[in-house]
>>> print(open('my_file-v5.cif').read())   # mmCIF, C-alpha atoms
data_upload
loop_
_atom_site.label_atom_id
_atom_site.label_comp_id
_atom_site.auth_asym_id
_atom_site.auth_seq_id
_atom_site.Cartn_x
_atom_site.Cartn_y
_atom_site.Cartn_z
CA MET A 1 31.12 -45.53 4.17
CA GLY A 2 34.69 -44.61 3.33
CA PHE A 3 33.63 -41.00 2.68
CA LEU A 4 32.41 -40.60 6.27
CA LYS A 5 35.81 -41.84 7.56
CA SER A 6 37.69 -39.26 5.52
CA LYS A 7 38.53 -35.73 6.69
CA SER A 8 36.30 -34.15 4.04
CA GLY A 9 33.43 -36.43 5.06
CA ALA A 10 33.88 -35.45 8.69
CA VAL A 11 33.93 -31.77 7.76
CA VAL A 12 30.74 -32.11 5.69
CA LEU A 13 29.03 -34.06 8.47
CA ALA A 14 30.11 -31.50 11.08
CA ALA A 15 28.85 -28.65 8.88
CA LEU A 16 25.50 -30.38 8.42
CA VAL A 17 25.17 -30.93 12.16
CA VAL A 18 26.04 -27.31 12.94
CA VAL A 19 23.68 -25.90 10.28
CA GLY A 20 20.89 -28.30 11.22
CA SER A 21 21.16 -27.63 14.93
CA THR A 22 21.32 -23.86 14.33
CA LEU A 23 18.18 -23.94 12.19
CA LEU A 24 16.38 -26.21 14.66
CA ASN A 25 17.36 -23.93 17.54
CA THR A 26 16.16 -20.90 15.55
CA ARG A 27 12.88 -22.58 14.73
CA VAL A 28 12.22 -23.59 18.33
CA LYS A 29 13.42 -20.49 20.21
CA LEU A 30 12.52 -17.76 17.73
CA GLY A 31 9.26 -19.53 16.88
CA ALA A 32 8.36 -19.57 20.58
CA ALA A 33 9.21 -15.86 20.88
CA VAL A 34 7.02 -15.03 17.84
CA ASP A 35 4.18 -17.11 19.32
CA GLU A 36 4.54 -15.22 22.60
CA VAL A 37 4.14 -11.88 20.82
CA GLU A 38 1.18 -13.10 18.76
CA ASP A 39 -0.46 -14.47 21.92
CA LEU A 40 -0.90 -10.81 22.95
CA PHE A 41 -3.43 -10.55 20.11
CA PHE A 42 -5.57 -13.32 21.62
CA THR A 43 -5.07 -12.89 25.38
CA ASP A 44 -6.57 -10.22 27.63
CA ARG A 45 -4.06 -8.63 29.99
CA ASP A 46 -4.53 -6.62 33.14
CA GLY A 47 -6.24 -3.39 32.17
CA GLU A 48 -6.44 -4.14 28.46
CA LYS A 49 -8.70 -6.40 26.45
CA CYS A 50 -6.96 -8.06 23.54
CA ILE A 51 -7.81 -7.25 19.94
CA TYR A 52 -9.49 -10.62 19.52
CA SER A 53 -11.93 -9.78 22.36
CA ARG A 54 -12.64 -6.43 20.72
CA LEU A 55 -13.33 -8.18 17.41
CA GLU A 56 -15.86 -10.36 19.19
CA GLU A 57 -17.55 -7.19 20.48
CA LYS A 58 -17.65 -5.81 16.93
CA LEU A 59 -19.11 -9.06 15.61
CA SER A 60 -21.87 -8.97 18.20
CA ALA A 61 -22.63 -5.28 17.69
CA SER A 62 -22.66 -5.55 13.89
CA ASN A 63 -25.05 -8.50 14.16
CA GLY A 64 -27.44 -6.45 16.30
CA TYR A 65 -27.11 -3.43 14.03
CA ALA A 66 -27.83 -5.53 10.95
CA ALA A 67 -30.88 -7.04 12.64
CA VAL A 68 -32.31 -3.55 13.19
CA LEU A 69 -31.33 -2.44 9.69
CA ALA A 70 -32.95 -5.50 8.07
CA SER A 71 -36.41 -4.06 8.78
CA TYR A 72 -35.57 -0.93 6.77
CA ASP A 73 -32.95 -1.84 4.15
CA GLU A 74 -32.52 -5.55 3.58
CA GLU A 75 -29.75 -5.15 1.00
CA ALA A 76 -27.57 -3.04 3.31
CA ALA A 77 -28.24 -5.47 6.16
CA ASP A 78 -27.26 -8.43 3.97
CA THR A 79 -23.98 -6.73 3.05
CA LEU A 80 -23.25 -6.11 6.72
CA TYR A 81 -24.12 -9.72 7.59
CA TYR A 82 -21.84 -10.96 4.80
CA GLU A 83 -18.82 -8.93 5.97
CA ARG A 84 -19.55 -9.92 9.57
CA ASP A 85 -19.54 -13.59 8.57
CA SER A 86 -16.24 -13.09 6.72
CA LEU A 87 -14.63 -11.71 9.87
CA LEU A 88 -16.17 -14.49 11.94
CA TRP A 89 -14.62 -17.11 9.65
CA ALA A 90 -11.27 -15.30 9.74
CA CYS A 91 -11.38 -15.34 13.54
CA GLU A 92 -11.93 -19.08 13.49
CA ASP A 93 -8.78 -19.49 11.36
CA ASP A 94 -6.62 -17.42 13.76
CA ASP A 95 -4.96 -15.68 10.80
CA ILE A 96 -4.16 -12.20 12.11
CA ASP A 97 -3.46 -10.65 8.71
CA TYR A 98 -6.71 -12.02 7.26
CA MET A 99 -8.63 -10.86 10.35
CA ALA A 100 -7.22 -7.36 9.81
CA TRP A 101 -8.37 -7.36 6.19
CA CYS A 102 -11.84 -8.67 7.09
CA ASN A 103 -12.08 -6.13 9.91
CA ALA A 104 -11.37 -3.31 7.44
CA GLU A 105 -14.04 -4.67 5.10
CA LEU A 106 -16.51 -4.88 7.99
CA ASP A 107 -15.71 -1.27 8.89
CA LYS A 108 -16.58 -0.20 5.33
CA ALA A 109 -19.82 -2.20 5.41
CA PHE A 110 -20.71 -0.82 8.84
CA GLY A 111 -20.14 2.74 7.59
CA ASP A 112 -22.40 2.02 4.62
CA ALA A 113 -24.99 0.54 6.99
CA GLU A 114 -24.87 3.65 9.17
CA ARG A 115 -25.47 5.84 6.12
CA ALA A 116 -28.34 3.59 5.01
CA MET A 117 -29.82 3.71 8.53
CA ALA A 118 -29.53 7.51 8.62
CA ALA A 119 -31.70 7.69 5.50
CA CYS A 120 -34.47 5.68 7.18
CA GLU A 121 -37.22 6.87 9.46
CA LEU A 122 -36.77 4.61 12.48
CA SER A 123 -39.09 3.86 15.34
CA GLU A 124 -37.88 5.19 18.69
CA SER A 125 -37.00 1.69 19.88
CA ASP A 126 -35.06 0.85 16.70
CA ARG A 127 -33.23 4.18 16.84
CA GLU A 128 -32.15 3.49 20.43
CA ASP A 129 -31.07 -0.04 19.55
CA ALA A 130 -29.11 1.17 16.51
CA GLU A 131 -27.37 3.84 18.58
CA TYR A 132 -26.53 1.26 21.26
CA TYR A 133 -24.99 -1.17 18.73
CA ALA A 134 -23.14 1.62 16.92
CA GLU A 135 -21.68 2.84 20.21
CA ILE A 136 -20.42 -0.64 21.07
CA TYR A 137 -19.03 -1.17 17.56
CA ASN A 138 -17.27 2.18 17.36
CA GLY A 139 -15.97 1.88 20.92
CA ALA A 140 -14.48 -1.54 20.17
CA GLN A 141 -12.83 -0.20 17.02
CA LYS A 142 -11.39 2.73 18.98
CA MET A 143 -9.96 0.33 21.55
CA ILE A 144 -8.46 -1.81 18.77
CA ALA A 145 -6.71 1.27 17.39
CA GLU A 146 -5.34 2.08 20.85
CA ASN A 147 -4.30 -1.49 21.68
CA SER A 148 -0.62 -2.08 22.42
CA TYR A 149 -0.38 -5.22 20.27
CA ASN A 150 0.97 -3.50 17.14
CA SER A 151 3.58 -1.59 19.13
CA SER A 152 4.64 -4.90 20.72
CA VAL A 153 5.02 -6.43 17.26
CA THR A 154 7.01 -3.43 16.03
CA SER A 155 9.26 -3.48 19.09
CA PHE A 156 9.88 -7.23 18.74
CA ASN A 157 10.62 -6.97 15.04
CA ARG A 158 13.06 -4.10 15.52
CA SER A 159 14.89 -5.58 18.50
CA VAL A 160 14.82 -9.29 17.66
CA TYR A 161 13.48 -10.42 14.32
CA ASP A 162 14.92 -7.79 11.95
CA THR A 163 18.46 -8.10 13.31
CA PHE A 164 21.41 -9.83 11.71
CA PRO A 165 21.69 -12.85 11.52
CA THR A 166 18.23 -13.57 12.96
CA GLU A 167 16.25 -12.52 9.91
CA ILE A 168 18.42 -14.70 7.63
CA LEU A 169 18.21 -17.70 9.97
CA ALA A 170 14.47 -17.17 10.37
CA ALA A 171 13.98 -17.31 6.60
CA PHE A 172 15.86 -20.61 6.37
CA ALA A 173 14.14 -22.03 9.45
CA GLY A 174 10.68 -21.06 8.18
CA VAL A 175 9.86 -18.71 11.06
CA ASN A 176 7.77 -15.72 10.02
CA ALA A 177 7.70 -12.40 11.86
CA PRO A 178 4.65 -11.78 14.03
CA GLU A 179 1.81 -10.24 12.06
CA ARG A 180 0.62 -6.71 12.68
CA PHE A 181 -3.08 -6.00 12.92
CA SER A 182 -3.48 -3.07 10.59
#
>>> encode(input="my_file-v5.cif", output="structure tokens")
Amino acid sequence: MGFLKSKSGAVVLAALVVVGSTLLNTRVKLGAAVDEVEDLFFTDRDGEKCIYSRLEEKLSASNGYAAVLASYDEEAADTLYYERDSLLWACEDDDIDYMAWCNAELDKAFGDAERAMAACELSESDREDAEYYAEIYNGAQKMIAENSYNSSVTSFNRSVYDTFPTEILAAFAGVNAPERFS
């Protein structure tokens, strides 16, 4: 108790209060700002669907495409279903970086499925269905590439997160930069 009554004790206590309050303030305010940027990934805005909505379109289209493909090449359809399920699970976890990785894997599987489908002789109805699902899938991917989310993340990181002393305080406060979808 005598230590706290001394000048050195008071200085240590004051330093702890200042450091603690600074880190708490960083965690609360910067954390809220990061959450606001990442909310753009999940929330449709006027004139622009969010990336998450576009991923849902891709999940639906890849499911339909795989259903058509299953009648002609079950192995290729199973691969597409597997990668679709991986993205679906990633979407349930709300991990943007993992969703981006699973989306890239789904794109590879969808490309393989398109090549497998091209090698098959389809009925007219199946061909029309496959074209419909491919158009939705590719359109959603195009809109993801054109979405403003990544530029918002880059702008935020450059103007707020990657500045001194914010990036040092963020590291100590446990606040991570918003994740890009790429």
>>> atom_distance(input="my_file-v5.cif", atom1="atom CA of Leu106 of chain A", atom2="atom CA of Glu83 of chain A")
5.1 Å
>>> atom_distance(input="my_file-v5.cif", atom1="atom CA of Ala77 of chain A", atom2="atom CA of Ala109 of chain A")
9.1 Å
>>> atom_distance(input="my_file-v5.cif", atom1="atom CA of Cys102 of chain A", atom2="atom CA of Ala170 of chain A")
27.8 Å
>>> closest_residue(input="my_file-v5.cif", among="A:Glu105, A:Glu128, A:Asp39, A:Glu48", to="Ala140 of chain A", atoms="all atoms listed in the file")
A:Glu48
>>> residues_around(input="my_file-v5.cif", residues="Ala171 of chain A", least_positions_apart="5", cutoff="12 Å", atoms="all atoms listed in the file", output="PyMOL selection string")
chain A and resi 23+26-27+30-31+161-162+164-166+176-177
>>> write_last_selection(input="my_file-v5.cif", atoms="C-alpha atoms", output="compact mmCIF listing (two decimals), keeping the file's coordinate frame")
# COMPACT_ATOMS: atom_id res chain seq x y z
CA LEU A 23 18.18 -23.94 12.19
CA THR A 26 16.16 -20.90 15.55
CA ARG A 27 12.88 -22.58 14.73
CA LEU A 30 12.52 -17.76 17.73
CA GLY A 31 9.26 -19.53 16.88
CA TYR A 161 13.48 -10.42 14.32
CA ASP A 162 14.92 -7.79 11.95
CA PHE A 164 21.41 -9.83 11.71
CA PRO A 165 21.69 -12.85 11.52
CA THR A 166 18.23 -13.57 12.96
CA ASN A 176 7.77 -15.72 10.02
CA ALA A 177 7.70 -12.40 11.86
>>> resolve_selection(input="my_file-v5.cif", expression="the PyMOL selection byres ((chain A and resi 104) around 12)", output="PyMOL selection string")
chain A and resi 55+58+83-84+86-87+97-103+105-111+141+144-145+181-182
>>> closest_residue(input="my_file-v5.cif", among="A:Val68, A:Ile136, A:Ala10, A:Val18", to="Ser123 of chain A", atoms="only C-alpha atoms")
A:Val68
>>> closest_residue(input="my_file-v5.cif", among="A:Tyr149, A:Leu24, A:Asn138, A:Arg180", to="Ile96 of chain A", atoms="all atoms listed in the file")
A:Arg180
>>> closest_residue(input="my_file-v5.cif", among="A:Val11, A:Ala173, A:Ala67, A:Ala76", to="Ala119 of chain A", atoms="all atoms listed in the file")
A:Ala76
>>> closest_residue(input="my_file-v5.cif", among="A:Ser6, A:Ser151, A:Ala32, A:Cys91", to="Ser53 of chain A", atoms="all atoms listed in the file")
A:Cys91
>>> residues_around(input="my_file-v5.cif", residues="Tyr81 of chain A", least_positions_apart="6", cutoff="8 Å", atoms="all atoms listed in the file", output="MDAnalysis selection string")
chainID A and resid 62:63 66
>>> closest_residue(input="my_file-v5.cif", among="A:Glu179, A:Ala61, A:Leu69, A:Arg158", to="Ala134 of chain A", atoms="only C-alpha atoms")
A:Ala61
